[in-house]
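A quick write-up on the structure given underneath.
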Amino acid sequence: MTDVSTGIRVGIVDGIASVEIDNPARRNALTKSMCLELQHVMLRLDADPDVVVITLSGRGITFCAGAALDEITSVLLDPQDDGTFVDHLSAADHAISSAAKPTVAIVDGPCMGGGWQIAAACDFIVASERSIFAITPAKLGIIYPRSGIERLIRLVGPATAKFLLFTGRSLTATQAFDVGLVAHVIPDDDFAEDSDALVSSLRDNSQFSIHTLKHLVDRTTADDPHLADEWVRAWQAAAEGPDMAIGIDAFVGRERPKFAWGPA
């Protein structure tokens, strides 16, 4: 890994970009500068032709404790000269969720408050069994950011969202999976190997399929009125592009496909 700035580290190996939250003395709590750096990092990696998949993880035994308490105002309600406020956590969330490339949160350890929002901004969360999750605004007297609440409602429904927000109760990784906060849970002893293998499989699969499906899923959850047109264009691109023929021929020949499509 190479340092990008204090609190954020980035490395790129074999098409996989690893973004690591690096503030272990404060349980990887997010400062304003870290939120700003996450925005820059995600934009750069999404535009980098050498990057196929982006992962987000935390250094050490904690994924992220949320916003740093001594900077919580500057992170969530940074006052501007015109009297408005900037929510830097949600801006970082937007940079992650807007990436065209597949993004995976690799959660090992506590994932709390705004830490879950940042993790959930990825396409999905993979967690170790020892991980725990909590969304804690009511314990701090704050309001959880709008983008985080809207995503929470989409994932778990209004009643469970209220339960988690009102109580701040911690969930095990298995409980988080059961309610929809987490997509996949891996035993602790196998976590590093299995999560690496999963990310490598995303790198090796058809990027045409992954990019297109990601776009269609996001447009579906956003209730896009032009979704029917998006589907027509997607099927046309599949027929005209190289990956479908490559994938079918490899499957019939029982070979590993070498997909050719790349983002423009």
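Each chain in the structure tokens gets a letter, A, B and so on, in the order shown; residues start at 1 in every chain, and ligands are counted from 1 in the order they appear.
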### Query
If you count only C-alpha atoms, which residues fall within 12 Å of Arg151 in chain A, apart from same-chain ones fewer than 2 positions away, as number ranges by chain?
A: 90, 93-94, 97, 116-124, 144-149, 153-158, 161, 180-181, 218, 221-222
Using N, CA and C atoms, can you write the selected residues to a file as a compact mmCIF listing (two decimals), in the first residue's frame?
# COMPACT_ATOMS: atom_id res chain seq x y z
N SER A 90 -21.62 12.33 3.61
CA SER A 90 -22.50 11.97 2.51
C SER A 90 -21.87 12.26 1.15
N ASP A 93 -19.84 9.27 0.64
CA ASP A 93 -20.82 8.24 0.29
C ASP A 93 -21.16 8.34 -1.19
N HIS A 94 -21.46 9.53 -1.67
CA HIS A 94 -21.85 9.73 -3.06
C HIS A 94 -20.73 9.35 -4.01
N SER A 97 -20.71 5.50 -4.06
CA SER A 97 -21.89 4.90 -4.69
C SER A 97 -22.01 5.27 -6.17
N TRP A 116 -20.95 2.36 8.76
CA TRP A 116 -21.85 1.53 7.96
C TRP A 116 -22.29 2.28 6.71
N GLN A 117 -22.55 3.58 6.82
CA GLN A 117 -22.98 4.33 5.64
C GLN A 117 -21.92 4.27 4.55
N ILE A 118 -20.65 4.43 4.92
CA ILE A 118 -19.56 4.38 3.94
C ILE A 118 -19.45 2.98 3.35
N ALA A 119 -19.55 1.95 4.21
CA ALA A 119 -19.48 0.57 3.72
C ALA A 119 -20.65 0.26 2.79
N ALA A 120 -21.84 0.69 3.18
CA ALA A 120 -23.04 0.39 2.40
C ALA A 120 -23.11 1.19 1.11
N ALA A 121 -22.28 2.21 0.98
CA ALA A 121 -22.21 2.93 -0.30
C ALA A 121 -21.56 2.08 -1.38
N CYS A 122 -20.81 1.05 -0.96
CA CYS A 122 -20.27 0.09 -1.93
C CYS A 122 -21.40 -0.76 -2.48
N ASP A 123 -21.11 -1.52 -3.52
CA ASP A 123 -22.14 -2.36 -4.12
C ASP A 123 -22.64 -3.41 -3.14
N PHE A 124 -21.77 -3.95 -2.31
CA PHE A 124 -22.20 -4.84 -1.23
C PHE A 124 -21.11 -4.96 -0.19
N TYR A 144 -29.03 11.01 11.44
CA TYR A 144 -28.25 10.26 10.46
C TYR A 144 -28.44 10.90 9.10
N PRO A 145 -27.39 10.95 8.27
CA PRO A 145 -27.52 11.61 6.97
C PRO A 145 -28.61 11.01 6.09
N ARG A 146 -29.20 11.87 5.27
CA ARG A 146 -30.34 11.45 4.44
C ARG A 146 -29.99 10.28 3.53
N SER A 147 -28.84 10.34 2.86
CA SER A 147 -28.49 9.26 1.93
C SER A 147 -28.35 7.94 2.66
N GLY A 148 -27.82 7.98 3.89
CA GLY A 148 -27.70 6.75 4.68
C GLY A 148 -29.05 6.20 5.09
N ILE A 149 -29.97 7.08 5.50
CA ILE A 149 -31.30 6.63 5.91
C ILE A 149 -32.07 6.07 4.71
N ILE A 153 -33.48 2.24 4.51
CA ILE A 153 -34.88 1.88 4.28
C ILE A 153 -35.01 0.94 3.09
N ARG A 154 -34.25 1.20 2.02
CA ARG A 154 -34.31 0.32 0.85
C ARG A 154 -33.85 -1.10 1.21
N LEU A 155 -32.87 -1.20 2.07
CA LEU A 155 -32.30 -2.51 2.38
C LEU A 155 -33.13 -3.29 3.39
N VAL A 156 -33.65 -2.63 4.42
CA VAL A 156 -34.27 -3.38 5.52
C VAL A 156 -35.74 -3.05 5.72
N GLY A 157 -36.28 -2.02 5.06
CA GLY A 157 -37.66 -1.63 5.25
C GLY A 157 -37.81 -0.59 6.35
N PRO A 158 -38.92 0.15 6.36
CA PRO A 158 -39.10 1.24 7.31
C PRO A 158 -39.08 0.82 8.78
N ALA A 161 -35.61 -0.24 9.89
CA ALA A 161 -34.78 0.97 9.88
C ALA A 161 -35.02 1.80 11.14
N GLY A 180 -30.48 -7.74 6.19
CA GLY A 180 -30.16 -7.15 4.90
C GLY A 180 -29.09 -6.08 4.90
N LEU A 181 -28.43 -5.86 6.05
CA LEU A 181 -27.36 -4.86 6.10
C LEU A 181 -26.09 -5.36 5.41
N ASP A 218 -29.09 -0.13 -10.03
CA ASP A 218 -29.16 1.20 -9.42
C ASP A 218 -30.33 2.01 -9.99
N THR A 221 -33.67 0.61 -8.47
CA THR A 221 -33.92 1.04 -7.09
C THR A 221 -34.21 2.53 -7.02
N ALA A 222 -33.74 3.29 -8.00
CA ALA A 222 -34.03 4.72 -8.05
C ALA A 222 -35.36 5.02 -8.74
What's around range 42-57 of chain A at 6 Å? Count only C-alpha atoms, leave out sequence neighbours fewer than 6 positions away in its own chain, and write the answer as a VMD selection string.
chain A and resid 15 to 20 99 102 to 106 203
Residues near Gly262 in chain A, cut-off 9 Å, only C-alpha atoms, skip fewer than 3 positions along chain, as a compact mmCIF listing (two decimals) with N, CA, C and O atoms, in the first residue's frame:
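Output saved as selection-v3.txt:
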# COMPACT_ATOMS: atom_id res chain seq x y z
N PRO A 49 -7.60 3.38 -15.82
CA PRO A 49 -7.82 2.20 -16.67
C PRO A 49 -7.17 0.93 -16.12
O PRO A 49 -7.52 -0.17 -16.56
N GLN A 207 -16.70 -7.65 -17.34
CA GLN A 207 -16.93 -6.29 -16.86
C GLN A 207 -18.10 -5.64 -17.59
O GLN A 207 -18.75 -4.75 -17.05
N PHE A 208 -18.37 -6.09 -18.82
CA PHE A 208 -19.59 -5.61 -19.48
C PHE A 208 -20.81 -5.99 -18.64
O PHE A 208 -21.68 -5.16 -18.37
N PHE A 259 -12.53 -12.38 -21.11
CA PHE A 259 -13.44 -11.34 -21.63
C PHE A 259 -12.66 -10.17 -22.16
O PHE A 259 -11.55 -9.85 -21.68
Notebook entry, point to check: For the atom pair CA of Arg169 in chain A and CA of Ile132 in chain A, what is the interatomic distance in Å to one decimal place?
Noted result: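 Result for CA of Arg169 in chain A versus CA of Ile132 in chain A: 10.2 Å, one decimal.
The shell of residues at most 7 Å from range 231-238 of chain A, with only C-alpha atoms counted and near chain neighbours (fewer than 4 positions) removed, consists of Thr212, Leu227 and Met244 of chain A.
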In range 81-213 of chain A, what's helix (DSSP H, G or I) per DSSP? Answer as a ChimeraX atom specification?
/A:88-97,114-120,137-140,146-156,158-167,173-179,188-204,207-213
note - CA of Gly109 in chain A and CA of Ser128 in chain A are separated by 7.3 Å
Determine which residues of range 7-176 of chain A receive a DSSP assignment of strand (DSSP E), computed from the backbone, and state them as JSON, numbers by chain. {"A": [8, 9, 10, 11, 12, 13, 16, 17, 18, 19, 20, 21, 53, 54, 55, 56, 57, 58, 78, 79, 85, 86, 103, 104, 105, 106, 107, 110, 111, 112, 124, 125, 126, 127, 128, 132, 133, 134, 171, 172]}
Only C-alpha atoms, please: the residues just picked out, written as a PDB file, in the first residue's frame.
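Contents of result.pdb, as written:
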ATOM      1  CA  ILE A   8      -6.453   6.933   3.777  1.00  0.00           C
ATOM      2  CA  ARG A   9      -4.166   4.426   2.076  1.00  0.00           C
ATOM      3  CA  VAL A  10      -4.463   3.093  -1.455  1.00  0.00           C
ATOM      4  CA  GLY A  11      -2.775   0.265  -3.331  1.00  0.00           C
ATOM      5  CA  ILE A  12      -3.350  -1.269  -6.765  1.00  0.00           C
ATOM      6  CA  VAL A  13      -2.360  -4.873  -7.505  1.00  0.00           C
ATOM      7  CA  ILE A  16      -7.714  -4.532  -7.735  1.00  0.00           C
ATOM      8  CA  ALA A  17      -7.567  -1.177  -5.931  1.00  0.00           C
ATOM      9  CA  SER A  18      -7.578  -1.449  -2.138  1.00  0.00           C
ATOM     10  CA  VAL A  19      -8.730   1.645  -0.250  1.00  0.00           C
ATOM     11  CA  GLU A  20      -7.962   1.366   3.462  1.00  0.00           C
ATOM     12  CA  ILE A  21      -9.293   3.589   6.255  1.00  0.00           C
ATOM     13  CA  VAL A  53     -12.459  -3.565  -8.879  1.00  0.00           C
ATOM     14  CA  ILE A  54     -12.305  -1.261  -5.832  1.00  0.00           C
ATOM     15  CA  THR A  55     -12.378  -2.538  -2.251  1.00  0.00           C
ATOM     16  CA  LEU A  56     -12.869  -0.558   0.958  1.00  0.00           C
ATOM     17  CA  SER A  57     -11.520  -1.861   4.271  1.00  0.00           C
ATOM     18  CA  GLY A  58     -10.306  -0.674   7.669  1.00  0.00           C
ATOM     19  CA  ASP A  78     -19.572  22.043   8.021  1.00  0.00           C
ATOM     20  CA  PRO A  79     -20.760  25.685   7.917  1.00  0.00           C
ATOM     21  CA  PHE A  85     -23.859  23.373   5.578  1.00  0.00           C
ATOM     22  CA  VAL A  86     -21.878  20.632   3.851  1.00  0.00           C
ATOM     23  CA  THR A 103     -17.000  -1.747  -5.256  1.00  0.00           C
ATOM     24  CA  VAL A 104     -16.887  -4.108  -2.276  1.00  0.00           C
ATOM     25  CA  ALA A 105     -16.673  -3.246   1.428  1.00  0.00           C
ATOM     26  CA  ILE A 106     -14.466  -5.783   3.229  1.00  0.00           C
ATOM     27  CA  VAL A 107     -15.599  -5.458   6.858  1.00  0.00           C
ATOM     28  CA  PRO A 110     -16.792  -3.140  14.359  1.00  0.00           C
ATOM     29  CA  CYS A 111     -18.633  -1.100  11.722  1.00  0.00           C
ATOM     30  CA  MET A 112     -20.487   1.683  13.468  1.00  0.00           C
ATOM     31  CA  PHE A 124     -22.200  -4.835  -1.235  1.00  0.00           C
ATOM     32  CA  ILE A 125     -20.615  -5.659   2.109  1.00  0.00           C
ATOM     33  CA  VAL A 126     -18.656  -8.830   2.865  1.00  0.00           C
ATOM     34  CA  ALA A 127     -18.132  -9.316   6.601  1.00  0.00           C
ATOM     35  CA  SER A 128     -16.240 -11.629   8.912  1.00  0.00           C
ATOM     36  CA  ILE A 132     -20.514  -6.128  14.569  1.00  0.00           C
ATOM     37  CA  PHE A 133     -22.759  -3.381  13.217  1.00  0.00           C
ATOM     38  CA  ALA A 134     -24.666  -0.516  14.804  1.00  0.00           C
ATOM     39  CA  LEU A 171     -25.980  -6.640  15.540  1.00  0.00           C
ATOM     40  CA  THR A 172     -23.664  -9.556  14.915  1.00  0.00           C
TER      41      THR A 172
END
Between CA of Gly114 in chain A and CA of Lys101 in chain A, what distance in Å does the model show, to one decimal?
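Going from CA of Gly114 in chain A over to CA of Lys101 in chain A covers 22.4 Å.
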Extract, using only C-alpha atoms, all DNA, RNA and protein residues at most 6 Å from range 64-70 of chain A, discarding same-chain residues fewer than 5 positions from it, and format them as a PyMOL selection string.
chain A and resi 27-31+111-115
Export of prior selection with N, CA and C atoms as a compact mmCIF listing (two decimals), in the first residue's frame:
# COMPACT_ATOMS: atom_id res chain seq x y z
N ARG A 27 -9.89 4.13 16.26
CA ARG A 27 -10.78 3.08 15.76
C ARG A 27 -11.26 3.39 14.34
N ASN A 28 -10.34 3.95 13.55
CA ASN A 28 -10.60 4.29 12.15
C ASN A 28 -11.77 5.24 11.97
N ALA A 29 -11.96 6.13 12.96
CA ALA A 29 -13.00 7.15 12.85
C ALA A 29 -12.67 8.10 11.69
N LEU A 30 -13.71 8.59 11.03
CA LEU A 30 -13.55 9.44 9.85
C LEU A 30 -13.51 10.91 10.22
N THR A 31 -12.46 11.59 9.80
CA THR A 31 -12.34 13.03 9.97
C THR A 31 -12.80 13.73 8.69
N CYS A 111 -18.24 -2.00 12.81
CA CYS A 111 -18.63 -1.10 11.72
C CYS A 111 -19.81 -0.29 12.26
N MET A 112 -19.53 0.92 12.68
CA MET A 112 -20.49 1.68 13.47
C MET A 112 -20.89 2.99 12.80
N GLY A 113 -22.14 3.41 13.04
CA GLY A 113 -22.60 4.73 12.63
C GLY A 113 -22.31 5.04 11.18
N GLY A 114 -21.57 6.14 10.97
CA GLY A 114 -21.21 6.53 9.62
C GLY A 114 -20.31 5.53 8.93
N GLY A 115 -19.67 4.65 9.70
CA GLY A 115 -18.88 3.59 9.09
C GLY A 115 -19.73 2.66 8.25
Show which residues sit within 8 Å of Ala100 in chain A, as a count of residues only. Count only C-alpha atoms, and ignore same-chain residues fewer than 6 positions away.
4
Check your understanding: If you count only C-alpha atoms, which residues fall within 8 Å of Leu165 in chain A, apart from same-chain ones fewer than 2 positions away, as a list in words?
Key ->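 Contacts, with the query itself left out: Ile135, Thr136, Pro137, Ala138, Ala161, Lys162, Phe163, Thr167 and Gly168 of chain A.
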